[in-house]
Amino acid sequence: MKITLVCIGKTDFSFVEEGMGIYASRLKHYCRFSAVYIPALKGVSSLTREQIREKEGELILKELGISGGKVSGKKHIVLLDERGDSFTSVDWASSLEKLSYMDREICFVIGGAYGFSDAVYKAAQGMLSLSKMTFSHQIVRLIFIEQLYRAFTIIKGEPYHHA
C-alpha cells in the first residue's frame, strides 16, 4: 500500500518535524509512506482568503496530477477537513484497512490555513476529521502520522494501542 501525505508549506516547528520523522520511519514496516510539501504562496497580503484557497487548490491539484477535475484511477484522495468523517482509533483502523484493499495510492491532503478550494473538494473521494477541535495545519501533520501508525498497529494486533 502506498500512502502519500500532501501538505501546503514547510514544517516550521522542529518538534513537529522530529515527531513526523519518528512515525514516518515506523510506518515503513506497514506501507510505503511519503510526505510531499507544496511551497507556501508568497506575497499573499493583497489576496483574499478565497483567492489564497484557489491558488493553493491549483497547486494541490497539480501535485495530485488532476487536470480538468479528473482524478487518476490510480489515486484515492482524502482531505483532512473539520467537516470530514470522525472515527475512534479502532474504527479508523478498520476504515484504513478497507482502503488498503483498493489497488490505488491513497493521498491524504492537509490544506493551508484557509482550507480547500471548491475544485479540491470536488476532486476528493473522502474527508477525514481528526477532531472536533481545530489544530494548526502544522500540528495536524504530526497528529495524522501518529494516528496512521496507530491504525496499522491496531490492524496488525500489535500492542501500541491500549483500548
# chains A, B, ... in the order shown; residues from 1 in each chain; ligands from 1
$ closest_atom_pairs --of "range 2-60 of chain A" --to "range 83-101 of chain A" --cutoff "12 Å" --atoms "only C-alpha atoms" --output "tab-separated table"
residue	atom	partner	partner_atom	distance
A:Lys2	CA	A:Ser100	CA	8.8
A:Ile3	CA	A:Ser100	CA	9.6
A:Tyr30	CA	A:Ser100	CA	10.8
A:Cys31	CA	A:Ser100	CA	9.6
A:Arg32	CA	A:Ser100	CA	11.8
$ select_by_dssp --residues "range 1-125 of chain A" --states "strand (DSSP E)" --output "PyMOL selection string"
chain A and resi 2-8+32-38+75-85+105-110
$ atom_distance --atom1 "CA of Ser131 in chain A" --atom2 "CA of Glu82 in chain A"
7.2 Å
$ residues_around --residues "range 61-68 of chain A" --least-positions-apart "5" --cutoff "9 Å" --atoms "only C-alpha atoms" --output "list in words"
Val6, Val36, Ile38, Glu56, Lys75, Ile77, Cys107, Ala119, Val120 and Ala123 of chain A
$ write_last_selection --atoms "N, CA and C atoms" --output "compact mmCIF listing (two decimals), in the first residue's frame"
# COMPACT_ATOMS: atom_id res chain seq x y z
N VAL A 6 0.04 14.99 1.47
CA VAL A 6 0.32 16.22 0.74
C VAL A 6 -0.02 17.40 1.66
N VAL A 36 4.73 15.03 0.92
CA VAL A 36 5.06 16.00 -0.13
C VAL A 36 4.67 17.37 0.39
N ILE A 38 4.09 21.21 -0.64
CA ILE A 38 3.91 22.20 -1.69
C ILE A 38 4.34 23.54 -1.11
N GLU A 56 -3.83 27.90 -3.84
CA GLU A 56 -3.33 26.67 -3.21
C GLU A 56 -4.01 25.45 -3.82
N LYS A 75 -5.38 6.94 -7.90
CA LYS A 75 -5.30 7.67 -6.63
C LYS A 75 -6.67 7.77 -5.97
N ILE A 77 -8.24 10.11 -3.05
CA ILE A 77 -7.89 11.35 -2.36
C ILE A 77 -8.81 11.57 -1.16
N CYS A 107 -3.97 9.22 -1.08
CA CYS A 107 -3.39 10.53 -0.87
C CYS A 107 -4.22 11.29 0.15
N ALA A 119 -12.70 23.27 -6.05
CA ALA A 119 -12.17 22.29 -7.01
C ALA A 119 -11.50 21.12 -6.29
N VAL A 120 -10.81 21.40 -5.19
CA VAL A 120 -10.17 20.32 -4.43
C VAL A 120 -11.24 19.47 -3.76
N ALA A 123 -12.66 17.09 -6.26
CA ALA A 123 -11.75 16.03 -6.70
C ALA A 123 -11.59 14.92 -5.67
$ closest_residue --among "A:Asp81, A:Thr153, A:Gly111, A:Tyr37" --to "Met133 in chain A" --atoms "only C-alpha atoms"
A:Asp81
$ atom_distance --atom1 "CA of Ile143 in chain A" --atom2 "CA of Tyr23 in chain A"
9.9 Å
$ closest_residue --among "A:Ala40, A:Val78, A:Ala124, A:Glu50" --to "Val109 in chain A" --atoms "only C-alpha atoms"
A:Val78
$ residues_around --residues "range 134-140 of chain A" --least-positions-apart "4" --cutoff "8 Å" --atoms "only C-alpha atoms" --output "MDAnalysis selection string"
chainID A and resid 11:13 16 82 110:113 144
$ write_last_selection --atoms "N, CA and C atoms" --output "mmCIF file, in the first residue's frame"
data_model
loop_
_atom_site.group_PDB
_atom_site.id
_atom_site.type_symbol
_atom_site.label_atom_id
_atom_site.label_comp_id
_atom_site.auth_asym_id
_atom_site.auth_seq_id
_atom_site.Cartn_x
_atom_site.Cartn_y
_atom_site.Cartn_z
ATOM 1 N N THR A 11 7.282 22.512 7.184
ATOM 2 C CA THR A 11 7.030 22.370 8.616
ATOM 3 C C THR A 11 7.980 23.317 9.346
ATOM 4 N N ASP A 12 7.405 24.264 10.078
ATOM 5 C CA ASP A 12 8.202 25.302 10.726
ATOM 6 C C ASP A 12 8.736 24.912 12.100
ATOM 7 N N PHE A 13 8.073 23.967 12.764
ATOM 8 C CA PHE A 13 8.452 23.633 14.126
ATOM 9 C C PHE A 13 9.331 22.395 14.140
ATOM 10 N N VAL A 16 7.729 19.214 15.522
ATOM 11 C CA VAL A 16 6.802 18.554 14.601
ATOM 12 C C VAL A 16 7.597 17.747 13.581
ATOM 13 N N GLU A 82 -12.294 19.559 8.805
ATOM 14 C CA GLU A 82 -13.138 19.543 10.010
ATOM 15 C C GLU A 82 -14.537 19.005 9.740
ATOM 16 N N ILE A 110 -3.577 17.829 3.501
ATOM 17 C CA ILE A 110 -3.766 18.855 4.526
ATOM 18 C C ILE A 110 -3.628 20.199 3.828
ATOM 19 N N GLY A 111 -4.676 20.981 3.856
ATOM 20 C CA GLY A 111 -4.667 22.273 3.187
ATOM 21 C C GLY A 111 -3.928 23.332 3.983
ATOM 22 N N GLY A 112 -3.974 24.529 3.465
ATOM 23 C CA GLY A 112 -3.364 25.661 4.145
ATOM 24 C C GLY A 112 -4.271 26.197 5.238
ATOM 25 N N ALA A 113 -3.924 27.338 5.758
ATOM 26 C CA ALA A 113 -4.642 27.926 6.898
ATOM 27 C C ALA A 113 -6.108 28.229 6.591
ATOM 28 N N PHE A 144 -1.762 13.389 12.505
ATOM 29 C CA PHE A 144 -2.219 12.446 11.481
ATOM 30 C C PHE A 144 -1.245 11.274 11.319
#
$ atom_distance --atom1 "CA of Ala35 in chain A" --atom2 "CA of Glu54 in chain A"
21.8 Å
$ decode --residues "range 46-58 of chain A" --atoms "C-alpha atoms" --output "PDB file, in the first residue's frame"
ATOM      1  CA  SER A  46      -3.149  41.573  -1.045  1.00  0.00           C
ATOM      2  CA  LEU A  47      -5.155  38.385  -1.685  1.00  0.00           C
ATOM      3  CA  THR A  48      -8.467  37.412  -0.139  1.00  0.00           C
ATOM      4  CA  ARG A  49      -8.886  34.107   1.679  1.00  0.00           C
ATOM      5  CA  GLU A  50     -10.823  32.767  -1.308  1.00  0.00           C
ATOM      6  CA  GLN A  51      -8.017  33.758  -3.699  1.00  0.00           C
ATOM      7  CA  ILE A  52      -5.481  32.019  -1.468  1.00  0.00           C
ATOM      8  CA  ARG A  53      -7.648  28.868  -1.358  1.00  0.00           C
ATOM      9  CA  GLU A  54      -7.959  28.944  -5.169  1.00  0.00           C
ATOM     10  CA  LYS A  55      -4.221  29.369  -5.757  1.00  0.00           C
ATOM     11  CA  GLU A  56      -3.328  26.673  -3.211  1.00  0.00           C
ATOM     12  CA  GLY A  57      -6.029  24.471  -4.726  1.00  0.00           C
ATOM     13  CA  GLU A  58      -4.410  24.738  -8.147  1.00  0.00           C
TER      14      GLU A  58
END
